[in-house]
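A.B. asks: Pasting model-v6.cif here (mmCIF, N, CA and C atoms):
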data_data
#
loop_
_atom_site.group_PDB
_atom_site.id
_atom_site.type_symbol
_atom_site.label_atom_id
_atom_site.label_comp_id
_atom_site.auth_asym_id
_atom_site.auth_seq_id
_atom_site.Cartn_x
_atom_site.Cartn_y
_atom_site.Cartn_z
ATOM 1 N N MET A 1 36.544 149.614 108.258
ATOM 2 C CA MET A 1 37.064 150.380 109.368
ATOM 3 C C MET A 1 36.133 151.570 109.624
ATOM 4 N N LYS A 2 35.684 151.720 110.848
ATOM 5 C CA LYS A 2 34.790 152.809 111.209
ATOM 6 C C LYS A 2 35.594 153.995 111.716
ATOM 7 N N THR A 3 35.132 155.166 111.369
ATOM 8 C CA THR A 3 35.780 156.373 111.884
ATOM 9 C C THR A 3 34.871 157.021 112.904
ATOM 10 N N LEU A 4 35.449 157.518 113.925
ATOM 11 C CA LEU A 4 34.712 158.156 114.997
ATOM 12 C C LEU A 4 34.706 159.662 114.763
ATOM 13 N N VAL A 5 33.539 160.238 114.681
ATOM 14 C CA VAL A 5 33.407 161.669 114.443
ATOM 15 C C VAL A 5 32.865 162.306 115.716
ATOM 16 N N LEU A 6 33.626 163.241 116.252
ATOM 17 C CA LEU A 6 33.197 163.958 117.453
ATOM 18 C C LEU A 6 32.670 165.313 117.049
ATOM 19 N N LYS A 7 31.522 165.650 117.548
ATOM 20 C CA LYS A 7 30.944 166.959 117.264
ATOM 21 C C LYS A 7 30.999 167.793 118.529
ATOM 22 N N GLN A 8 31.447 168.990 118.380
ATOM 23 C CA GLN A 8 31.557 169.903 119.509
ATOM 24 C C GLN A 8 30.489 170.984 119.366
ATOM 25 N N VAL A 9 29.754 171.200 120.432
ATOM 26 C CA VAL A 9 28.717 172.216 120.418
ATOM 27 C C VAL A 9 29.359 173.544 120.770
ATOM 28 N N VAL A 10 29.260 174.501 119.854
ATOM 29 C CA VAL A 10 29.831 175.823 120.059
ATOM 30 C C VAL A 10 28.693 176.822 120.107
ATOM 31 N N PRO A 11 28.598 177.611 121.166
ATOM 32 C CA PRO A 11 27.510 178.592 121.225
ATOM 33 C C PRO A 11 27.699 179.679 120.166
ATOM 34 N N ILE A 12 26.606 180.077 119.565
ATOM 35 C CA ILE A 12 26.655 181.121 118.539
ATOM 36 C C ILE A 12 26.618 182.470 119.243
ATOM 37 N N LEU A 13 27.599 183.294 118.964
ATOM 38 C CA LEU A 13 27.705 184.605 119.587
ATOM 39 C C LEU A 13 27.092 185.635 118.653
ATOM 40 N N THR A 14 25.916 186.115 118.997
ATOM 41 C CA THR A 14 25.214 187.020 118.111
ATOM 42 C C THR A 14 25.715 188.447 118.233
ATOM 43 N N GLU A 15 26.066 188.873 119.429
ATOM 44 C CA GLU A 15 26.529 190.239 119.602
ATOM 45 C C GLU A 15 27.464 190.324 120.792
ATOM 46 N N ALA A 16 28.242 191.364 120.835
ATOM 47 C CA ALA A 16 29.163 191.577 121.942
ATOM 48 C C ALA A 16 28.369 192.053 123.158
ATOM 49 N N LYS A 17 28.682 191.487 124.315
ATOM 50 C CA LYS A 17 27.982 191.851 125.540
ATOM 51 C C LYS A 17 28.920 192.599 126.470
ATOM 52 N N LYS A 18 28.363 193.454 127.280
ATOM 53 C CA LYS A 18 29.142 194.218 128.246
ATOM 54 C C LYS A 18 29.582 193.308 129.384
ATOM 55 N N CYS A 19 30.752 193.561 129.912
ATOM 56 C CA CYS A 19 31.229 192.854 131.089
ATOM 57 C C CYS A 19 30.464 193.384 132.297
ATOM 58 N N PHE A 20 30.221 192.536 133.248
ATOM 59 C CA PHE A 20 29.503 192.961 134.436
ATOM 60 C C PHE A 20 30.378 192.757 135.659
ATOM 61 N N SER A 21 30.198 193.598 136.654
ATOM 62 C CA SER A 21 31.085 193.607 137.813
ATOM 63 C C SER A 21 30.856 192.447 138.765
ATOM 64 N N SER A 22 29.785 191.695 138.602
ATOM 65 C CA SER A 22 29.568 190.526 139.451
ATOM 66 C C SER A 22 30.140 189.258 138.818
ATOM 67 N N CYS A 23 30.850 189.388 137.714
ATOM 68 C CA CYS A 23 31.512 188.258 137.059
ATOM 69 C C CYS A 23 32.622 187.739 137.965
ATOM 70 N N LYS A 24 32.830 186.422 137.954
ATOM 71 C CA LYS A 24 33.851 185.851 138.839
ATOM 72 C C LYS A 24 35.270 186.194 138.388
ATOM 73 N N LEU A 25 35.450 186.626 137.130
ATOM 74 C CA LEU A 25 36.775 186.987 136.634
ATOM 75 C C LEU A 25 37.081 188.479 136.765
ATOM 76 N N PHE A 26 36.096 189.271 137.190
ATOM 77 C CA PHE A 26 36.289 190.720 137.307
ATOM 78 C C PHE A 26 37.159 191.037 138.517
ATOM 79 N N ARG A 27 38.127 191.952 138.331
ATOM 80 C CA ARG A 27 38.994 192.404 139.421
ATOM 81 C C ARG A 27 39.101 193.920 139.360
ATOM 82 N N CYS A 28 39.299 194.527 140.513
ATOM 83 C CA CYS A 28 39.507 195.969 140.598
ATOM 84 C C CYS A 28 40.981 196.215 140.903
ATOM 85 N N GLY A 29 41.598 197.100 140.149
ATOM 86 C CA GLY A 29 43.006 197.402 140.345
ATOM 87 C C GLY A 29 43.298 198.099 141.671
ATOM 88 N N LYS A 30 42.317 198.769 142.238
ATOM 89 C CA LYS A 30 42.475 199.465 143.515
ATOM 90 C C LYS A 30 41.950 198.649 144.699
ATOM 91 N N ASN A 31 41.450 197.443 144.430
ATOM 92 C CA ASN A 31 40.814 196.609 145.459
ATOM 93 C C ASN A 31 39.732 197.388 146.193
ATOM 94 N N ALA A 32 38.941 198.128 145.448
ATOM 95 C CA ALA A 32 37.922 198.991 146.028
ATOM 96 C C ALA A 32 36.512 198.462 145.806
ATOM 97 N N VAL A 33 36.359 197.236 145.339
ATOM 98 C CA VAL A 33 35.030 196.693 145.072
ATOM 99 C C VAL A 33 34.451 196.131 146.361
ATOM 100 N N MET A 34 33.188 196.501 146.614
ATOM 101 C CA MET A 34 32.481 195.997 147.780
ATOM 102 C C MET A 34 31.093 195.574 147.298
ATOM 103 N N TYR A 35 30.713 194.354 147.628
ATOM 104 C CA TYR A 35 29.430 193.830 147.183
ATOM 105 C C TYR A 35 28.367 194.171 148.222
ATOM 106 N N ARG A 36 27.323 194.902 147.782
ATOM 107 C CA ARG A 36 26.214 195.309 148.643
ATOM 108 C C ARG A 36 24.916 194.754 148.065
ATOM 109 N N GLY A 37 24.496 193.631 148.567
ATOM 110 C CA GLY A 37 23.267 193.023 148.061
ATOM 111 C C GLY A 37 23.391 192.669 146.599
ATOM 112 N N ASN A 38 22.548 193.270 145.754
ATOM 113 C CA ASN A 38 22.571 192.990 144.320
ATOM 114 C C ASN A 38 23.465 193.948 143.550
ATOM 115 N N THR A 39 24.014 194.963 144.191
ATOM 116 C CA THR A 39 24.849 195.942 143.500
ATOM 117 C C THR A 39 26.307 195.777 143.890
ATOM 118 N N VAL A 40 27.156 196.289 143.048
ATOM 119 C CA VAL A 40 28.597 196.283 143.315
ATOM 120 C C VAL A 40 29.007 197.729 143.522
ATOM 121 N N TRP A 41 29.581 198.024 144.677
ATOM 122 C CA TRP A 41 29.895 199.382 145.090
ATOM 123 C C TRP A 41 31.393 199.615 144.996
ATOM 124 N N CYS A 42 31.770 200.794 144.480
ATOM 125 C CA CYS A 42 33.178 201.169 144.392
ATOM 126 C C CYS A 42 33.495 202.114 145.546
ATOM 127 N N ARG A 43 34.393 201.693 146.416
ATOM 128 C CA ARG A 43 34.762 202.541 147.553
ATOM 129 C C ARG A 43 35.663 203.692 147.126
ATOM 130 N N TRP A 44 36.275 203.595 145.962
ATOM 131 C CA TRP A 44 37.170 204.639 145.464
ATOM 132 C C TRP A 44 36.384 205.865 145.011
ATOM 133 N N THR A 45 35.278 205.634 144.273
ATOM 134 C CA THR A 45 34.466 206.744 143.773
ATOM 135 C C THR A 45 33.197 206.956 144.576
ATOM 136 N N GLU A 46 32.892 206.054 145.501
ATOM 137 C CA GLU A 46 31.684 206.111 146.326
ATOM 138 C C GLU A 46 30.403 206.101 145.495
ATOM 139 N N GLU A 47 30.348 205.213 144.477
ATOM 140 C CA GLU A 47 29.143 205.028 143.670
ATOM 141 C C GLU A 47 29.175 203.631 143.078
ATOM 142 N N ASP A 48 28.139 203.277 142.332
ATOM 143 C CA ASP A 48 28.085 201.965 141.700
ATOM 144 C C ASP A 48 29.263 201.785 140.739
ATOM 145 N N CYS A 49 29.770 200.560 140.665
ATOM 146 C CA CYS A 49 30.912 200.256 139.792
ATOM 147 C C CYS A 49 30.449 200.220 138.338
ATOM 148 N N GLU A 50 31.066 201.037 137.503
ATOM 149 C CA GLU A 50 30.792 201.053 136.063
ATOM 150 C C GLU A 50 32.084 200.679 135.335
ATOM 151 N N ILE A 51 32.106 199.477 134.818
ATOM 152 C CA ILE A 51 33.332 198.950 134.209
ATOM 153 C C ILE A 51 33.746 199.742 132.981
ATOM 154 N N SER A 52 32.799 200.200 132.188
ATOM 155 C CA SER A 52 33.143 200.895 130.946
ATOM 156 C C SER A 52 33.815 202.238 131.204
ATOM 157 N N LYS A 53 33.606 202.826 132.375
ATOM 158 C CA LYS A 53 34.193 204.130 132.681
ATOM 159 C C LYS A 53 35.406 204.040 133.603
ATOM 160 N N CYS A 54 35.610 202.907 134.234
ATOM 161 C CA CYS A 54 36.672 202.768 135.234
ATOM 162 C C CYS A 54 38.012 202.413 134.576
ATOM 163 N N THR A 55 39.064 203.092 134.979
ATOM 164 C CA THR A 55 40.401 202.796 134.440
ATOM 165 C C THR A 55 41.083 201.665 135.196
ATOM 166 N N TYR A 56 40.553 201.281 136.350
ATOM 167 C CA TYR A 56 41.154 200.237 137.171
ATOM 168 C C TYR A 56 40.473 198.887 137.009
ATOM 169 N N ALA A 57 39.469 198.784 136.137
ATOM 170 C CA ALA A 57 38.767 197.521 135.913
ATOM 171 C C ALA A 57 39.672 196.569 135.147
ATOM 172 N N MET A 58 39.719 195.313 135.619
ATOM 173 C CA MET A 58 40.556 194.294 134.984
ATOM 174 C C MET A 58 39.784 192.983 134.920
ATOM 175 N N CYS A 59 40.241 192.094 134.063
ATOM 176 C CA CYS A 59 39.661 190.762 133.956
ATOM 177 C C CYS A 59 40.772 189.764 134.249
ATOM 178 N N ALA A 60 40.491 188.806 135.143
ATOM 179 C CA ALA A 60 41.494 187.794 135.485
ATOM 180 C C ALA A 60 41.757 186.875 134.292
ATOM 181 N N GLY A 61 40.792 186.733 133.412
ATOM 182 C CA GLY A 61 40.960 185.915 132.206
ATOM 183 C C GLY A 61 41.529 186.697 131.049
ATOM 184 N N ARG A 62 41.881 187.955 131.262
ATOM 185 C CA ARG A 62 42.437 188.858 130.244
ATOM 186 C C ARG A 62 41.525 188.967 129.025
ATOM 187 N N ARG A 63 40.235 189.123 129.275
ATOM 188 C CA ARG A 63 39.261 189.197 128.201
ATOM 189 C C ARG A 63 38.546 190.543 128.145
ATOM 190 N N LEU A 64 38.900 191.495 128.978
ATOM 191 C CA LEU A 64 38.206 192.777 129.011
ATOM 192 C C LEU A 64 38.708 193.668 127.873
ATOM 193 N N LEU A 65 37.789 194.065 127.009
ATOM 194 C CA LEU A 65 38.103 194.914 125.865
ATOM 195 C C LEU A 65 37.714 196.359 126.176
ATOM 196 N N PRO A 66 38.155 197.319 125.362
ATOM 197 C CA PRO A 66 37.745 198.710 125.587
ATOM 198 C C PRO A 66 36.225 198.856 125.592
ATOM 199 N N GLU A 67 35.743 199.887 126.262
ATOM 200 C CA GLU A 67 34.316 200.161 126.431
ATOM 201 C C GLU A 67 33.623 199.119 127.287
ATOM 202 N N GLY A 68 34.383 198.294 128.041
ATOM 203 C CA GLY A 68 33.791 197.330 128.962
ATOM 204 C C GLY A 68 33.164 196.124 128.303
ATOM 205 N N ILE A 69 33.595 195.770 127.104
ATOM 206 C CA ILE A 69 33.034 194.625 126.389
ATOM 207 C C ILE A 69 33.786 193.367 126.805
ATOM 208 N N CYS A 70 33.020 192.300 127.052
ATOM 209 C CA CYS A 70 33.610 191.020 127.442
ATOM 210 C C CYS A 70 34.167 190.333 126.194
ATOM 211 N N GLY A 71 35.431 189.941 126.234
ATOM 212 C CA GLY A 71 36.085 189.315 125.089
ATOM 213 C C GLY A 71 35.600 187.909 124.813
ATOM 214 N N LYS A 72 34.916 187.275 125.777
ATOM 215 C CA LYS A 72 34.399 185.931 125.552
ATOM 216 C C LYS A 72 33.178 185.941 124.643
ATOM 217 N N THR A 73 32.536 187.090 124.491
ATOM 218 C CA THR A 73 31.336 187.169 123.662
ATOM 219 C C THR A 73 31.635 187.654 122.250
ATOM 220 N N VAL A 74 32.902 187.902 121.940
ATOM 221 C CA VAL A 74 33.288 188.410 120.622
ATOM 222 C C VAL A 74 34.017 187.305 119.872
ATOM 223 N N LYS A 75 33.634 187.101 118.628
ATOM 224 C CA LYS A 75 34.294 186.099 117.805
ATOM 225 C C LYS A 75 35.533 186.711 117.174
ATOM 226 N N ARG A 76 36.633 186.000 117.217
ATOM 227 C CA ARG A 76 37.889 186.505 116.658
ATOM 228 C C ARG A 76 37.896 186.428 115.146
ATOM 229 N N LYS A 77 38.593 187.366 114.543
ATOM 230 C CA LYS A 77 38.776 187.349 113.095
ATOM 231 C C LYS A 77 40.233 186.990 112.823
ATOM 232 N N THR A 78 40.432 185.971 112.010
ATOM 233 C CA THR A 78 41.786 185.570 111.661
ATOM 234 C C THR A 78 41.980 185.733 110.162
ATOM 235 N N MET A 79 43.201 185.995 109.788
ATOM 236 C CA MET A 79 43.520 186.174 108.375
ATOM 237 C C MET A 79 44.624 185.195 107.996
ATOM 238 N N ASP A 80 44.480 184.582 106.838
ATOM 239 C CA ASP A 80 45.515 183.707 106.313
ATOM 240 C C ASP A 80 46.492 184.551 105.516
ATOM 241 N N ILE A 81 47.771 184.411 105.809
ATOM 242 C CA ILE A 81 48.805 185.154 105.101
ATOM 243 C C ILE A 81 49.451 184.216 104.090
ATOM 244 N N GLU A 82 49.531 184.696 102.882
ATOM 245 C CA GLU A 82 50.161 183.915 101.821
ATOM 246 C C GLU A 82 51.662 183.799 102.097
ATOM 247 N N PRO A 83 52.280 182.682 101.705
ATOM 248 C CA PRO A 83 53.713 182.509 101.961
ATOM 249 C C PRO A 83 54.580 183.596 101.326
ATOM 250 N N GLU A 84 54.158 184.138 100.190
ATOM 251 C CA GLU A 84 54.950 185.187 99.547
ATOM 252 C C GLU A 84 54.962 186.458 100.391
ATOM 253 N N GLU A 85 53.831 186.735 101.053
ATOM 254 C CA GLU A 85 53.744 187.928 101.879
ATOM 255 C C GLU A 85 54.513 187.751 103.189
ATOM 256 N N ALA A 86 54.602 186.513 103.647
ATOM 257 C CA ALA A 86 55.249 186.264 104.928
ATOM 258 C C ALA A 86 56.772 186.246 104.818
ATOM 259 N N MET A 87 57.293 186.070 103.628
ATOM 260 C CA MET A 87 58.737 186.007 103.461
ATOM 261 C C MET A 87 59.365 187.382 103.653
ATOM 262 N N ILE A 88 60.356 187.426 104.494
ATOM 263 C CA ILE A 88 61.113 188.652 104.741
ATOM 264 C C ILE A 88 62.362 188.580 103.871
ATOM 265 N N PRO A 89 62.711 189.655 103.210
ATOM 266 C CA PRO A 89 63.913 189.596 102.359
ATOM 267 C C PRO A 89 65.161 189.294 103.188
ATOM 268 N N ALA A 90 66.055 188.502 102.603
ATOM 269 C CA ALA A 90 67.278 188.112 103.294
ATOM 270 C C ALA A 90 68.221 189.310 103.426
ATOM 271 N N VAL A 91 68.958 189.323 104.534
ATOM 272 C CA VAL A 91 69.930 190.385 104.788
ATOM 273 C C VAL A 91 71.317 189.826 104.491
ATOM 274 N N LYS A 92 72.065 190.510 103.634
ATOM 275 C CA LYS A 92 73.414 190.060 103.296
ATOM 276 C C LYS A 92 74.395 190.609 104.319
ATOM 277 N N LEU A 93 75.334 189.749 104.708
ATOM 278 C CA LEU A 93 76.310 190.116 105.735
ATOM 279 C C LEU A 93 77.690 190.304 105.125
ATOM 280 N N ARG A 94 78.460 191.188 105.774
ATOM 281 C CA ARG A 94 79.844 191.411 105.356
ATOM 282 C C ARG A 94 80.698 191.616 106.598
ATOM 283 N N GLY A 95 81.997 191.447 106.436
ATOM 284 C CA GLY A 95 82.958 191.791 107.478
ATOM 285 C C GLY A 95 82.936 190.863 108.682
ATOM 286 N N LYS A 96 83.041 191.464 109.885
ATOM 287 C CA LYS A 96 83.135 190.719 111.135
ATOM 288 C C LYS A 96 81.918 189.821 111.382
ATOM 289 N N VAL A 97 80.759 190.340 111.078
ATOM 290 C CA VAL A 97 79.533 189.578 111.328
ATOM 291 C C VAL A 97 79.523 188.315 110.481
ATOM 292 N N LEU A 98 79.989 188.414 109.235
ATOM 293 C CA LEU A 98 80.052 187.260 108.352
ATOM 294 C C LEU A 98 80.988 186.208 108.917
ATOM 295 N N ARG A 99 82.127 186.630 109.454
ATOM 296 C CA ARG A 99 83.082 185.684 110.025
ATOM 297 C C ARG A 99 82.532 185.034 111.286
ATOM 298 N N LYS A 100 81.795 185.784 112.113
ATOM 299 C CA LYS A 100 81.274 185.219 113.364
ATOM 300 C C LYS A 100 80.135 184.249 113.109
ATOM 301 N N ILE A 101 79.246 184.583 112.194
ATOM 302 C CA ILE A 101 78.083 183.739 111.958
ATOM 303 C C ILE A 101 78.390 182.640 110.960
ATOM 304 N N GLY A 102 79.103 182.941 109.928
ATOM 305 C CA GLY A 102 79.481 181.944 108.950
ATOM 306 C C GLY A 102 78.550 181.849 107.752
ATOM 307 N N ASP A 103 77.399 182.452 107.810
ATOM 308 C CA ASP A 103 76.459 182.433 106.680
ATOM 309 C C ASP A 103 76.511 183.784 105.967
ATOM 310 N N LYS A 104 76.304 183.752 104.648
ATOM 311 C CA LYS A 104 76.318 184.992 103.892
ATOM 312 C C LYS A 104 74.992 185.733 103.960
ATOM 313 N N GLU A 105 73.919 185.003 104.250
ATOM 314 C CA GLU A 105 72.613 185.621 104.318
ATOM 315 C C GLU A 105 71.886 185.158 105.581
ATOM 316 N N ILE A 106 71.122 186.087 106.159
ATOM 317 C CA ILE A 106 70.289 185.778 107.320
ATOM 318 C C ILE A 106 68.855 186.020 106.908
ATOM 319 N N PHE A 107 67.981 185.142 107.316
ATOM 320 C CA PHE A 107 66.573 185.294 106.967
ATOM 321 C C PHE A 107 65.887 186.116 107.995
#
Do you think you could lay out the structure here as structure tokens?

C.D. replies:
Amino acid sequence: MKTLVLKQVVPILTEAKKCFSSCKLFRCGKNAVMYRGNTVWCRWTEEDCEISKCTYAMCAGRRLLPEGICGKTVKRKTMDIEPEEAMIPAVKLRGKVLRKIGDKEIF
């Protein structure tokens, strides 16, 4: 019996890159972005759009991080939690709550 192995090419992210205002996912909260040739102009401040300084800069893909860093260029860090750490101590019930729920302990 042969097994089929699929390999997925994943780009290596060497460093975090700044988001740029000509990105197709970039949005302005004030709808003040105007494209002038090769530059992106902010009608709110009357100067070039700087995402790292603007409080109204947004990403449609919800990937914009503080300081204007694009979240697609940052690798996520995940942590494995041991089952002992994940267990929450049980809460013991008394009185009316015990009668309504029927269990002596809630997890």

A.B. asks: Rounded to one decimal, what separation in Å do you get between atom N of A:Lys100 and atom C of A:Ile88?

C.D. replies: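 Distance reported for this atom pair: 21.3 Å.
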
A.B. asks: Check what the PyMOL selection byres ((chain A and resi 58) around 7) selects in the file above and give those residues as JSON, numbers by chain.

C.D. replies: {"A": [25, 26, 27, 28, 29, 55, 56, 57, 59, 60, 61, 62, 63, 64]}

A.B. asks: Would you kindly return, as a list of chain:residue names, each protein, DNA or RNA residue with an atom no farther than 7 Å from any atom of A:Val40, considering all atoms listed in the file and excluding same-chain residues fewer than 6 positions away?

C.D. replies: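 Skipping anything fewer than 6 positions along the chain leaves A:Ser21, A:Ser22, A:Val33, A:Met34, A:Glu47, A:Asp48, A:Cys49.
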
A.B. asks: Would you work out the distance separating atom N of A:Ala16 from atom C of A:Lys75, expressed in Å to one decimal?

C.D. replies: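 Separation of atom N of A:Ala16 and atom C of A:Lys75: 9.4 Å.
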
A.B. asks: Restricting the calculation to only C-alpha atoms: of A:Tyr35, A:Lys30, A:Asp103, A:Lys17, which residue gets closest to A:Pro66?

C.D. replies: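 With only C-alpha atoms as the atom set, the closest residue is A:Lys17.
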
A.B. asks: I would like the residues chosen by the PyMOL selection byres ((chain A and resi 18) around 6) on the shown file; could you give them as a CSV table (one decimal) with N, CA and C atoms, in the frame of the given file?

C.D. replies:
chain,number,residue,atom,x,y,z
A,16,ALA,N,28.2,191.4,120.8
A,16,ALA,CA,29.2,191.6,121.9
A,16,ALA,C,28.4,192.1,123.2
A,17,LYS,N,28.7,191.5,124.3
A,17,LYS,CA,28.0,191.9,125.5
A,17,LYS,C,28.9,192.6,126.5
A,19,CYS,N,30.8,193.6,129.9
A,19,CYS,CA,31.2,192.9,131.1
A,19,CYS,C,30.5,193.4,132.3
A,20,PHE,N,30.2,192.5,133.2
A,20,PHE,CA,29.5,193.0,134.4
A,20,PHE,C,30.4,192.8,135.7
A,68,GLY,N,34.4,198.3,128.0
A,68,GLY,CA,33.8,197.3,129.0
A,68,GLY,C,33.2,196.1,128.3
A,69,ILE,N,33.6,195.8,127.1
A,69,ILE,CA,33.0,194.6,126.4
A,69,ILE,C,33.8,193.4,126.8
A,70,CYS,N,33.0,192.3,127.1
A,70,CYS,CA,33.6,191.0,127.4
A,70,CYS,C,34.2,190.3,126.2

A.B. asks: With 4 Å added on each side, what axis-aligned box encloses every listed atom of stretch 39-57 of chain A? Give the centre and edge lengths in Å to one decimal, as AutoDock Vina command-line options.

C.D. replies:
--center_x 32.6 --center_y 201.0 --center_z 139.2 --size_x 25.1 --size_y 20.0 --size_z 24.6

A.B. asks: So the first atom is atom C of A:Ser52 and the second is atom N of A:Gly71; what is the distance between them in Å, to one decimal place?

C.D. replies: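 Interatomic distance, atom C of A:Ser52 to atom N of A:Gly71: 13.4 Å.
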
A.B. asks: Would you list, as JSON, numbers by chain, the residues of stretch 43-96 of chain A that end up in strand (DSSP E or B) under DSSP run on this structure's backbone?

C.D. replies: {"A": [47, 48, 57, 58, 59, 64, 65, 69, 70, 91, 92]}

A.B. asks: Could you take the residues named above and write them with N, CA and C atoms, as a compact mmCIF listing (two decimals), keeping the file's coordinate frame?

C.D. replies:
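As written to disk, result-v3.txt reads:
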# COMPACT_ATOMS: atom_id res chain seq x y z
N GLU A 47 30.35 205.21 144.48
CA GLU A 47 29.14 205.03 143.67
C GLU A 47 29.18 203.63 143.08
N ASP A 48 28.14 203.28 142.33
CA ASP A 48 28.08 201.96 141.70
C ASP A 48 29.26 201.78 140.74
N ALA A 57 39.47 198.78 136.14
CA ALA A 57 38.77 197.52 135.91
C ALA A 57 39.67 196.57 135.15
N MET A 58 39.72 195.31 135.62
CA MET A 58 40.56 194.29 134.98
C MET A 58 39.78 192.98 134.92
N CYS A 59 40.24 192.09 134.06
CA CYS A 59 39.66 190.76 133.96
C CYS A 59 40.77 189.76 134.25
N LEU A 64 38.90 191.50 128.98
CA LEU A 64 38.21 192.78 129.01
C LEU A 64 38.71 193.67 127.87
N LEU A 65 37.79 194.06 127.01
CA LEU A 65 38.10 194.91 125.86
C LEU A 65 37.71 196.36 126.18
N ILE A 69 33.60 195.77 127.10
CA ILE A 69 33.03 194.62 126.39
C ILE A 69 33.79 193.37 126.80
N CYS A 70 33.02 192.30 127.05
CA CYS A 70 33.61 191.02 127.44
C CYS A 70 34.17 190.33 126.19
N VAL A 91 68.96 189.32 104.53
CA VAL A 91 69.93 190.38 104.79
C VAL A 91 71.32 189.83 104.49
N LYS A 92 72.06 190.51 103.63
CA LYS A 92 73.41 190.06 103.30
C LYS A 92 74.40 190.61 104.32

A.B. asks: Just save stretch 56-75 of chain A with N, CA and C atoms, as a JSON list (two decimals), in the first residue's frame.

C.D. replies:
[["chain", "number", "residue", "atom", "x", "y", "z"],
["A", 56, "TYR", "N", -6.03, 55.90, 13.04],
["A", 56, "TYR", "CA", -7.17, 55.44, 12.26],
["A", 56, "TYR", "C", -6.81, 54.37, 11.24],
["A", 57, "ALA", "N", -5.55, 53.94, 11.20],
["A", 57, "ALA", "CA", -5.12, 52.90, 10.27],
["A", 57, "ALA", "C", -5.67, 51.55, 10.71],
["A", 58, "MET", "N", -6.22, 50.81, 9.73],
["A", 58, "MET", "CA", -6.81, 49.50, 10.02],
["A", 58, "MET", "C", -6.41, 48.53, 8.92],
["A", 59, "CYS", "N", -6.54, 47.25, 9.21],
["A", 59, "CYS", "CA", -6.28, 46.20, 8.23],
["A", 59, "CYS", "C", -7.57, 45.40, 8.08],
["A", 60, "ALA", "N", -8.00, 45.19, 6.83],
["A", 60, "ALA", "CA", -9.22, 44.42, 6.59],
["A", 60, "ALA", "C", -9.02, 42.96, 6.98],
["A", 61, "GLY", "N", -7.79, 42.48, 6.94],
["A", 61, "GLY", "CA", -7.48, 41.11, 7.34],
["A", 61, "GLY", "C", -7.19, 40.98, 8.82],
["A", 62, "ARG", "N", -7.33, 42.06, 9.57],
["A", 62, "ARG", "CA", -7.08, 42.12, 11.02],
["A", 62, "ARG", "C", -5.67, 41.64, 11.36],
["A", 63, "ARG", "N", -4.69, 42.11, 10.60],
["A", 63, "ARG", "CA", -3.31, 41.70, 10.80],
["A", 63, "ARG", "C", -2.41, 42.86, 11.20],
["A", 64, "LEU", "N", -2.93, 44.05, 11.39],
["A", 64, "LEU", "CA", -2.10, 45.20, 11.71],
["A", 64, "LEU", "C", -1.74, 45.19, 13.20],
["A", 65, "LEU", "N", -0.45, 45.15, 13.48],
["A", 65, "LEU", "CA", 0.06, 45.12, 14.84],
["A", 65, "LEU", "C", 0.53, 46.52, 15.24],
["A", 66, "PRO", "N", 0.79, 46.76, 16.53],
["A", 66, "PRO", "CA", 1.30, 48.07, 16.94],
["A", 66, "PRO", "C", 2.60, 48.42, 16.20],
["A", 67, "GLU", "N", 2.87, 49.71, 16.09],
["A", 67, "GLU", "CA", 4.02, 50.24, 15.37],
["A", 67, "GLU", "C", 3.94, 50.00, 13.88],
["A", 68, "GLY", "N", 2.74, 49.66, 13.35],
["A", 68, "GLY", "CA", 2.56, 49.50, 11.91],
["A", 68, "GLY", "C", 3.16, 48.25, 11.32],
["A", 69, "ILE", "N", 3.35, 47.21, 12.12],
["A", 69, "ILE", "CA", 3.94, 45.96, 11.63],
["A", 69, "ILE", "C", 2.83, 45.08, 11.07],
["A", 70, "CYS", "N", 3.12, 44.48, 9.91],
["A", 70, "CYS", "CA", 2.16, 43.59, 9.27],
["A", 70, "CYS", "C", 2.19, 42.23, 9.98],
["A", 71, "GLY", "N", 1.04, 41.75, 10.41],
["A", 71, "GLY", "CA", 0.95, 40.49, 11.14],
["A", 71, "GLY", "C", 1.20, 39.27, 10.28],
["A", 72, "LYS", "N", 1.14, 39.42, 8.94],
["A", 72, "LYS", "CA", 1.40, 38.29, 8.06],
["A", 72, "LYS", "C", 2.88, 37.96, 7.99],
["A", 73, "THR", "N", 3.74, 38.89, 8.38],
["A", 73, "THR", "CA", 5.18, 38.66, 8.31],
["A", 73, "THR", "C", 5.76, 38.19, 9.64],
["A", 74, "VAL", "N", 4.92, 38.02, 10.65],
["A", 74, "VAL", "CA", 5.38, 37.61, 11.98],
["A", 74, "VAL", "C", 4.93, 36.18, 12.23],
["A", 75, "LYS", "N", 5.85, 35.36, 12.70],
["A", 75, "LYS", "CA", 5.51, 33.98, 13.02],
["A", 75, "LYS", "C", 4.94, 33.92, 14.43]]
